[in-house]
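K.L.:
One structure is given below, represented as structure tokens, and several questions about it will come after.
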Amino acid sequence: MKTINWVTGILLMAACVATQMLCAQNTIGIPNIVNYTKQQYNAGSQNWGVVQDKNGIMYWANNDGLLSFDGVFWRMYKLPNKTIARSVAVSDDNKIYVGGQGEVGYFSPGSSGELFYTSLNKLIPAKDNDFADVWNICFYQNRVFFRANKKILEYDGKKVLAYNSGNWGFLGSVNGELIANEIDKGLVYYSNGQWLPKIKTGKLPTDNLLLRSALSLTKDSTLLVSLMHGLFILHGDTVSAFTTPDIKEVASKNISSACMISADRIALATNLGGCIIINKQGKFIQRFTKNEGIQNNNVLSVMADKNKNLWFGLDNGIDLVTYSNAIRNIFPDQQNRNAGYTSTIFNNELYLGVSTGVYRIGLDKLFNDISYTIGTFEFVENSQGQVWNLSTVNDKLLMGHNKGAFIIEGSKALPLDVRSGFWSFQPLYATQPSSVIVGGTYNGISFANYNNGNISMPVVNSNVESARFVAIGKNIIWIAHPYKGLYKVSYDATGIGNSERYIDKNKILSSNHNKIYKLKNKIVLTTDNGIFEYDEQQKDFIRSVSLEKLLGKAPVSYLKEDASGNIWFSRDRKISVVDRSFKEPRIVLIPEIDGRIMANGFENILVIDSSNVLIAAEKGFFHINYALYKKNRLPLQALVRKVQLSNVQENGLIYGGYNLLSSIPSVKYKYNSLHFECSSTLFGQELNTEYSYYLEGFDKDWSVWTRKTERDYTNIPAGYYTFKVKCRNNPDNESKESVFVFKVLPPWYQTWWAYSLYAVLFFSLIYLFYKRQQNKYKRLQQLKLQEQQRKYAEEQKQLQLQHQLEIEQNEKQIIELRNEKLQSEVEHKNSELASSAMNLVQKKELLSKLKEDLVQYKAAPDQGKAGKEFQKILKLIDKELDHNEEWEQFAVHFDSVHTNYLKKLKEQYPSLTTSDLKLAAYLRLNLSSKEIAQLMNISIRGVETSRYRLRKKLDLANEMNLFDHLIKITT
């Protein structure tokens with residue numbers, strides 16, 4: 001009974017402490033918190049440790065094993081004995097070490113990129129292979145250390161050593177040292193296989209001290225975090241308590257884990273009070289409890305990822321706090337989180353109007369960012385109901401309410417006019433204070449007098465429909481009704497004129513969404529037809545070329561210009577800014593709040609300065625530190641996390657998402673439909689992260705941007721392909737491409753052996769066809785041969801007869817030709833014989849005559865007479881030497897043999913003499929110059945001269961050959 005009362009007392013005390021913590025003040029701005037329930041990640045409820053690998057993937061030591069999250073997909077990896085995973089750590093080579101109940105080992109990628117587990121228990125000596133939960137894993141000097149309650153295991157890559165002790169309470173690697181808390185010996189450090197005492201000056205509490213974390217504050221200072229005894233600073237070998245009122249408060253909540261967020265921020269996770277952020281001075285900065293949006297206050301583990309997001313491993317669930325994001329939530333009513341409508345700062349107090357009333361809080365002047373103001377909102381009395389507007393006019397805070405017009409003084413709202421609901425308030429005149437205040441009401445325009453700080457309402461009321469959108473121009477008050485059109489009310493120094501409806505000559509108004517704004521000195525009208533501004537010269541609205549150039553021509557639903565000239569606008573429930581701080585105006589989108597702001601004309605933006613922008617949201621307000629937002633361009637990374645066959649139920653995995661494959665995977669043609677899963681580790685922005693895909697070799701171009709993280713391809717032809725994916729969270733913030741290369745094998749009927757078979761079959765068919773045709777041809781040839789033989793026999797008979805006749809006829813002709821030839825030869829020979837005979841006769845006569853003359857010459861006694869006789873003989877010889885007759889005979893025979901050579905030559909060149917013809921004939925016979933000289937009875941020199949004369953008469957160029965020319969012209 002006493003035990004039960006003691007347990008009950010402890011629980012009641014813990015509940016009271018937790019309640020006190022929940023009621024404590026916190027910052028008004030809370031980063032976006034994303035809850036991941038057990039049902040979402042589909043694993044055990046408790047998450048004991050959390051780490052992140054080089055690719056940005058998160059891992060938890062979960063009750064069911066190792067749990068991973070890549071921003072889209074959750075995966076569970078069981079340990080061999082299906083034990084609880086108590087600790088997890090990622091090494092530099094991306095191995096994921098896990099400690100469980102009686103189990104140590106690591107996960108690493110296999111050949112297909114899927115994680116598989118390697119147990120180290122088989123390396124532990126049998127005598128040391130008995131241990132319970134492994135709570136810490138540390139890397140030190142290329143070794144891995146695992147801490148269980150009664151032993152520390154050291155793994156050097158080959159073997160495992162064990163350090164036994166009565167009780168090891170903690171193990172951590174910090175500032176180049178491996179330290180541990182051995183309950184009996186206190187804080188020790190590792191050196192060459194030994195654990196040596198660490199503290200020489202000061203001491204740690206020995207009464208049930210349980211260290212939970214060791215963090216590096218400086219190069220030689222370590223922050224020791226205990227479960228119940230608070231914080232300590234270890235400087236060299238000296239330890240001292242780190243105590244402040246805020247740290248004492250946190251320590252009372254049981255600190256379970258801690259991490260450094262930045263150089264000056266420390267996150268302390270507790271079992272009873274959520275997570276508390278302190279600075280290095282030990283002062284409270286912020287807390288995250290169930291009241292702020294986390295799932296429960298029992299935070300088992302905490303970690304700041306590479307983008308400074310905070311991850312909580314809870315007793316039941318996982319939470320993400322986008323701590324470094326420049327966008328925070330402000331909920332004036334933390335419990336109900338009603339829709340926000342209007343905001344303003346008055347007398348250094350922030351007033352927020354929501355659907356249930358107005359809340360206020362004093363601002364802390366120490367912070368440039370008002371979201372870090374610590375305090376609790378106070379409800380403004382008498383403001384219950386729908387609040388539409390908060391405006392400061394003539395140094396008075398006026399509230400437009402569905403119940404009427406109110407003036408807020410301190411923490412109370414006082415009514416001014418409750419006859420109609422009021423939308424907004426504006427001073428009519430530029431001079432301050434304005435003597436007339438314009439109020440837009442449910443029934444039109446209301447004009448109130450202002451005199452010596454007193455407001456009297458109404459003076460004049462112009463009934464021009466509901467006046468939610470009012471803009472005051474030069475002597476004209478413009479009122480836009482979303483679907484009823486545009487109205488104007490004239491005014492001057494003497495008073496207010498009549499209201500009239502705007503005549504839409506140019507058809508610029510639309511059937512809905514007509515709104516009027518004032519940007520500096522311009523009256524701007526927005527409709528579904530575009531953006532228009534009032535032109536004083538034309539006395540009408542004209543299309544605003546300058547604004548449409550900046551904003552685009554698509555309709556906008558809200559416009560607001562800040563003090564720096566930046567134009568904030570809304571379109572399709574998305575907020576963007578035309579930022580003029582760059583060299584050229586640039587549109588900066590804020591996609592993190594897409595679809596979560598107020599819409600349908602109830603948009604509201606309060607730009608206090610570059611560090612403080614308040615935007616009305618469906619739940620409370622968004623606070624944007626715009627200056628920080630522009631700097632925080634987080635790098636994006638698209639990951640290919642899984643590739644599998646679409647038409648295979650089991651064992652269809654091609655790629656498991658870890659590391660690059662050593663070879664290009666091949667896919668059988670019958671499985672040519674693939675499913676790709678992709679993700680991005682830009683955590684907390686899943687809703688505004690888009691993806692684009694491109695299968696090189698299959699797609700013509702990149703796909704349109706989509707939020708779908710999966711892509712399917714079917715009926716992919718054989719060949720090599722490169723799958724590419726990229727992501728973006730903003731049109732001007734796009735990731736690099738992530739690629740996966742694979743090959744689709746050809747179908748069996750397109751493989752080399754199939755083509756070989758086709759070739760064999762083809763040539764076999766050709767051979768069979770050839771043999772068939774050959775046999776057919778042989779048969780036809782045999783038939784043809786028989787027929788031909790028959791015909792041939794008949795033809796041969798006819799030919800023999802005809803041949804016999806031809807032979808006989810030819811023989812007759814041959815005989816006749818032979819006879820003619822013989823006759824011709826005989827006649828030729830006779831002619832030659834006759835010529836020769838005549839020559840012989842002549843020669844004989846000559847010789848006889850010479851003989852007689854010589855005899856007479858011999859007998860002549862008179863020498864004078866003998867001389868005459870001698871001369872006579874010489875003349876006779878000269879006569880015989882005259883070859884004219886012989887030449888004529890030679891010419892006749894020469895032409896008969898050489899196809900009238902001399903005759904043709906004479907016909908073509910009539911100027912040729914007999915000597916020229918003789919030379920041409922001798923040249924035709926290819927005689928030498930010496931031989932020609934003897935025949936022509938001239939010298940060799942004379943032959944050359946004759947040749948030269950002949951060339952001149954034939955008109956031959958120097959480079960032409962005389963012999964060739966003679967042959968050519970007579971051919």
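By convention here, the chains of the structure tokens are called A, B, ... in the order presented, each chain's residues are numbered starting at 1, and ligands are numbered starting at 1 in the order presented.
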Write out as a list in words which residues come within 9 Å of Lys78 (chain A) when counting only C-alpha atoms, dropping same-chain ones fewer than 3 positions away.
P.N.:
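Contacts, in chain order: Asp64, Gly65, Leu66, Leu67, Asn81, Lys82, Thr83, Ile84, Ala85 and Tyr117 of chain A.
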K.L.:
Save out the residues we just selected, C-alpha atoms, as a PDB file, in the first residue's frame.
P.N.:
ATOM      1  CA  ASP A  64      10.956  -2.669 -34.327  1.00  0.00           C
ATOM      2  CA  GLY A  65      14.482  -2.185 -35.677  1.00  0.00           C
ATOM      3  CA  LEU A  66      16.163   0.426 -37.882  1.00  0.00           C
ATOM      4  CA  LEU A  67      13.695   2.966 -39.308  1.00  0.00           C
ATOM      5  CA  ASN A  81      16.602 -11.498 -33.539  1.00  0.00           C
ATOM      6  CA  LYS A  82      13.831  -8.926 -34.183  1.00  0.00           C
ATOM      7  CA  THR A  83      15.001  -7.047 -31.140  1.00  0.00           C
ATOM      8  CA  ILE A  84      14.572  -3.399 -30.173  1.00  0.00           C
ATOM      9  CA  ALA A  85      17.169  -1.062 -31.644  1.00  0.00           C
ATOM     10  CA  TYR A 117      22.723  -6.389 -42.163  1.00  0.00           C
TER      11      TYR A 117
END
K.L.:
For region 367-369 of chain A, find every residue with an atom within 7 Å (counting only C-alpha atoms), except residues of its own chain fewer than 5 positions away, and show them as a ChimeraX atom specification.
P.N.:
/A:611-612,625
K.L.:
Quick one: write out the picked residues with C-alpha atoms as an mmCIF file, in the first residue's frame?
P.N.:
data_model
loop_
_atom_site.group_PDB
_atom_site.id
_atom_site.type_symbol
_atom_site.label_atom_id
_atom_site.label_comp_id
_atom_site.auth_asym_id
_atom_site.auth_seq_id
_atom_site.Cartn_x
_atom_site.Cartn_y
_atom_site.Cartn_z
ATOM 1 C CA SER A 611 12.656 41.021 -40.445
ATOM 2 C CA ASN A 612 8.979 41.072 -39.589
ATOM 3 C CA ASN A 625 11.739 37.052 -41.354
#
K.L.:
Which residues come within 9 Å of region 339-345 of chain A, counting only C-alpha atoms, excluding same-chain residues fewer than 3 positions away, as JSON, numbers by chain?
P.N.:
{"A": [331, 348, 349, 350, 351, 352, 353, 354, 355, 356, 386, 387, 388, 389, 390, 391, 392, 597, 598, 602, 603, 604, 605, 606, 608, 614, 615, 616, 617, 618, 619, 620, 621]}
K.L.:
Between CA of Lys724 (chain A) and CA of Gly656 (chain A), what is the distance, to one decimal in Å?
P.N.:
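Between CA of Lys724 (chain A) and CA of Gly656 (chain A) the gap is 16.1 Å.
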K.L.:
Write out as JSON, numbers by chain each polymer residue whose atoms come within 7 Å of region 318-322 of chain A, counting only C-alpha atoms; drop sequence neighbours fewer than 5 positions from it.
P.N.:
{"A": [31, 32, 33, 34, 35, 36, 37, 294, 309, 310, 311, 312, 313, 684]}
K.L.:
Pick out each residue of region 53-194 of chain A that DSSP on the backbone tags as helix (DSSP H, G or I); I need them as a list in words.
P.N.:
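These are the residues in question: Asn121, Lys122, Leu123, Ala126, Lys127 and Asp128 of chain A.
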K.L.:
Can you spit out the residues from that selection as a PDB file, in the first residue's frame, using C-alpha atoms?
P.N.:
ATOM      1  CA  ASN A 121      28.190 -10.945 -32.579  1.00  0.00           C
ATOM      2  CA  LYS A 122      30.110 -13.793 -34.205  1.00  0.00           C
ATOM      3  CA  LEU A 123      33.335 -11.806 -33.668  1.00  0.00           C
ATOM      4  CA  ALA A 126      32.190 -16.431 -26.284  1.00  0.00           C
ATOM      5  CA  LYS A 127      32.853 -15.321 -22.711  1.00  0.00           C
ATOM      6  CA  ASP A 128      31.842 -11.738 -23.582  1.00  0.00           C
TER       7      ASP A 128
END
K.L.:
What is the CA of Asn937 (chain A)-CA of Val892 (chain A) distance in Å, reported with one decimal?
P.N.:
21.0 Å
K.L.:
Which residues are near Pro717 (chain A)? Cut-off 10 Å, only C-alpha atoms, ignore same chain within fewer than 2 positions. Put them as a list in words.
P.N.:
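Selected residues are Tyr669, Asn672, Ser673, Gly697, Phe698, Thr714, Asn715, Gly719, Tyr720, Tyr721, Lys743, Val744, Leu745, Pro746 and Pro747 of chain A.
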K.L.:
Kindly indicate which residue among A:Asn443, A:Ser262, A:Ser112, A:Gln934 lies nearest to Lys642 (chain A), using only C-alpha atoms for the distances.
P.N.:
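So, comparing all the options, the nearest one is A:Ser112.
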K.L.:
If DSSP is run on the backbone, what residues of region 227-302 of chain A are strand (DSSP E or B)? A reply as a PyMOL selection string would be ideal.
P.N.:
chain A and resi 231-235+238-242+255-260+265-270+275-279+284-288+299-302
K.L.:
Can I get the selected residues back with C-alpha atoms, as a compact mmCIF listing (two decimals), in the first residue's frame?
P.N.:
# COMPACT_ATOMS: atom_id res chain seq x y z
CA LEU A 231 24.54 20.30 -16.74
CA PHE A 232 28.28 20.31 -16.16
CA ILE A 233 31.22 21.85 -18.00
CA LEU A 234 34.36 19.79 -18.45
CA HIS A 235 37.38 21.96 -19.20
CA THR A 238 38.41 20.15 -14.47
CA VAL A 239 34.66 19.81 -14.07
CA SER A 240 32.18 22.34 -12.70
CA ALA A 241 28.42 22.60 -12.46
CA PHE A 242 26.62 24.76 -15.04
CA ILE A 255 16.90 15.40 -19.66
CA SER A 256 17.02 12.39 -21.98
CA SER A 257 19.14 13.77 -24.83
CA ALA A 258 20.79 16.95 -26.11
CA CYS A 259 22.31 18.43 -29.26
CA MET A 260 23.87 21.65 -30.49
CA ARG A 265 21.81 27.31 -29.12
CA ILE A 266 21.44 24.01 -27.28
CA ALA A 267 18.41 21.72 -27.51
CA LEU A 268 17.61 19.73 -24.37
CA ALA A 269 15.12 16.89 -24.81
CA THR A 270 13.25 15.86 -21.68
CA CYS A 275 12.28 19.99 -25.76
CA ILE A 276 13.73 23.23 -24.36
CA ILE A 277 16.15 25.51 -26.22
CA ILE A 278 18.71 27.44 -24.16
CA ASN A 279 21.72 29.54 -25.10
CA PHE A 284 15.72 29.95 -21.79
CA ILE A 285 15.07 30.71 -25.48
CA GLN A 286 12.16 28.54 -26.54
CA ARG A 287 10.35 25.31 -25.81
CA PHE A 288 8.43 22.72 -27.78
CA VAL A 299 11.19 13.18 -26.07
CA LEU A 300 13.63 10.24 -26.06
CA SER A 301 16.11 11.61 -28.60
CA VAL A 302 16.87 14.87 -30.38
K.L.:
Quick one: distance from CA of Asn325 (chain A) to CA of Gly29 (chain A) in Å, one decimal?
P.N.:
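Spanning CA of Asn325 (chain A) to CA of Gly29 (chain A) is a straight-line distance of 11.5 Å.
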K.L.:
Could you check which of A:Ile370, A:Cys138, A:Val436, A:Ile542 is closest to Lys507 (chain A), using only C-alpha atoms?
P.N.:
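Smallest separation from Lys507 (chain A) among the options: A:Ile542.
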K.L.:
Counting only C-alpha atoms, what is within 12 Å of Asn729 (chain A), bar same-chain residues fewer than 2 positions away, as a short mmCIF file (atom, residue, chain, number, x, y, z; two decimals) with N, CA and C atoms, in the first residue's frame?
P.N.:
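See result-v7.cif below for the written result:
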data_model
loop_
_atom_site.label_atom_id
_atom_site.label_comp_id
_atom_site.auth_asym_id
_atom_site.auth_seq_id
_atom_site.Cartn_x
_atom_site.Cartn_y
_atom_site.Cartn_z
N LEU A 589 9.01 34.01 -54.63
CA LEU A 589 7.87 33.23 -54.20
C LEU A 589 8.11 32.69 -52.80
N ILE A 590 7.01 32.48 -52.07
CA ILE A 590 7.10 31.91 -50.72
C ILE A 590 6.19 30.68 -50.69
N PRO A 591 6.65 29.58 -51.30
CA PRO A 591 5.78 28.41 -51.49
C PRO A 591 5.46 27.65 -50.21
N GLU A 592 6.24 27.89 -49.11
CA GLU A 592 6.00 27.14 -47.88
C GLU A 592 4.60 27.37 -47.32
N ILE A 593 3.97 28.47 -47.68
CA ILE A 593 2.65 28.77 -47.12
C ILE A 593 1.56 28.70 -48.18
N ASP A 594 1.88 28.11 -49.33
CA ASP A 594 0.89 27.99 -50.40
C ASP A 594 -0.37 27.27 -49.89
N ARG A 633 18.67 29.87 -48.71
CA ARG A 633 18.39 29.08 -49.90
C ARG A 633 19.00 27.69 -49.68
N LEU A 634 18.21 26.80 -49.10
CA LEU A 634 18.74 25.48 -48.78
C LEU A 634 18.99 24.68 -50.05
N PRO A 635 20.15 24.01 -50.14
CA PRO A 635 20.44 23.22 -51.34
C PRO A 635 19.48 22.03 -51.45
N LEU A 636 19.07 21.76 -52.65
CA LEU A 636 18.14 20.66 -52.90
C LEU A 636 18.89 19.46 -53.47
N GLN A 637 18.39 18.28 -53.15
CA GLN A 637 18.96 17.06 -53.69
C GLN A 637 17.83 16.09 -53.98
N ALA A 638 17.74 15.69 -55.24
CA ALA A 638 16.76 14.67 -55.62
C ALA A 638 17.43 13.31 -55.57
N SER A 680 13.19 13.77 -51.92
CA SER A 680 14.09 14.88 -51.62
C SER A 680 14.19 15.01 -50.11
N THR A 681 15.40 15.26 -49.63
CA THR A 681 15.60 15.37 -48.18
C THR A 681 15.45 16.80 -47.69
N LEU A 682 14.68 17.61 -48.40
CA LEU A 682 14.32 18.93 -47.90
C LEU A 682 13.09 18.73 -47.00
N PHE A 683 13.37 18.33 -45.78
CA PHE A 683 12.30 17.92 -44.87
C PHE A 683 11.44 19.11 -44.46
N GLY A 684 10.17 18.82 -44.28
CA GLY A 684 9.22 19.85 -43.85
C GLY A 684 8.62 20.62 -45.00
N GLN A 685 9.11 20.40 -46.22
CA GLN A 685 8.58 21.11 -47.38
C GLN A 685 8.05 20.13 -48.43
N GLU A 686 7.58 18.99 -47.97
CA GLU A 686 7.08 17.97 -48.89
C GLU A 686 5.92 18.48 -49.74
N LEU A 687 5.09 19.34 -49.14
CA LEU A 687 3.90 19.79 -49.85
C LEU A 687 4.22 20.78 -50.98
N ASN A 688 5.36 21.45 -50.92
CA ASN A 688 5.68 22.40 -51.98
C ASN A 688 6.94 21.98 -52.75
N THR A 689 7.31 20.70 -52.66
CA THR A 689 8.42 20.17 -53.44
C THR A 689 7.86 19.48 -54.68
N GLU A 690 8.37 19.87 -55.83
CA GLU A 690 7.90 19.31 -57.10
C GLU A 690 9.04 18.57 -57.78
N TYR A 691 8.66 17.62 -58.64
CA TYR A 691 9.64 16.78 -59.33
C TYR A 691 9.40 16.81 -60.84
N SER A 692 10.48 16.64 -61.57
CA SER A 692 10.40 16.50 -63.02
C SER A 692 11.26 15.32 -63.43
N TRP A 705 6.33 19.69 -64.11
CA TRP A 705 6.58 19.61 -62.67
C TRP A 705 5.36 19.05 -61.97
N THR A 706 5.60 18.13 -61.07
CA THR A 706 4.51 17.46 -60.36
C THR A 706 4.96 17.13 -58.94
N ARG A 707 4.00 16.98 -58.05
CA ARG A 707 4.31 16.59 -56.68
C ARG A 707 4.38 15.08 -56.52
N LYS A 726 14.88 15.57 -61.10
CA LYS A 726 15.30 16.78 -60.40
C LYS A 726 14.10 17.30 -59.63
N CYS A 727 14.36 18.13 -58.63
CA CYS A 727 13.27 18.65 -57.81
C CYS A 727 13.47 20.14 -57.58
N PRO A 731 10.47 28.06 -58.14
CA PRO A 731 10.88 28.10 -59.55
C PRO A 731 12.33 28.52 -59.77
N ASP A 732 12.91 29.27 -58.82
CA ASP A 732 14.31 29.67 -59.00
C ASP A 732 15.25 28.94 -58.05
N ASN A 733 14.79 27.81 -57.48
CA ASN A 733 15.65 26.99 -56.62
C ASN A 733 15.45 25.53 -57.02
N GLU A 734 16.29 25.08 -57.93
CA GLU A 734 16.15 23.76 -58.54
C GLU A 734 17.39 22.92 -58.24
N SER A 735 17.17 21.64 -58.03
CA SER A 735 18.28 20.75 -57.69
C SER A 735 19.02 20.30 -58.95
#
K.L.:
Tell me which of A:Arg212, A:Lys952, A:Arg419, A:Lys200 sits closest to Trp168 (chain A), counting only C-alpha atoms.
P.N.:
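Answer, going by the shortest atom-to-atom distance: A:Arg212.
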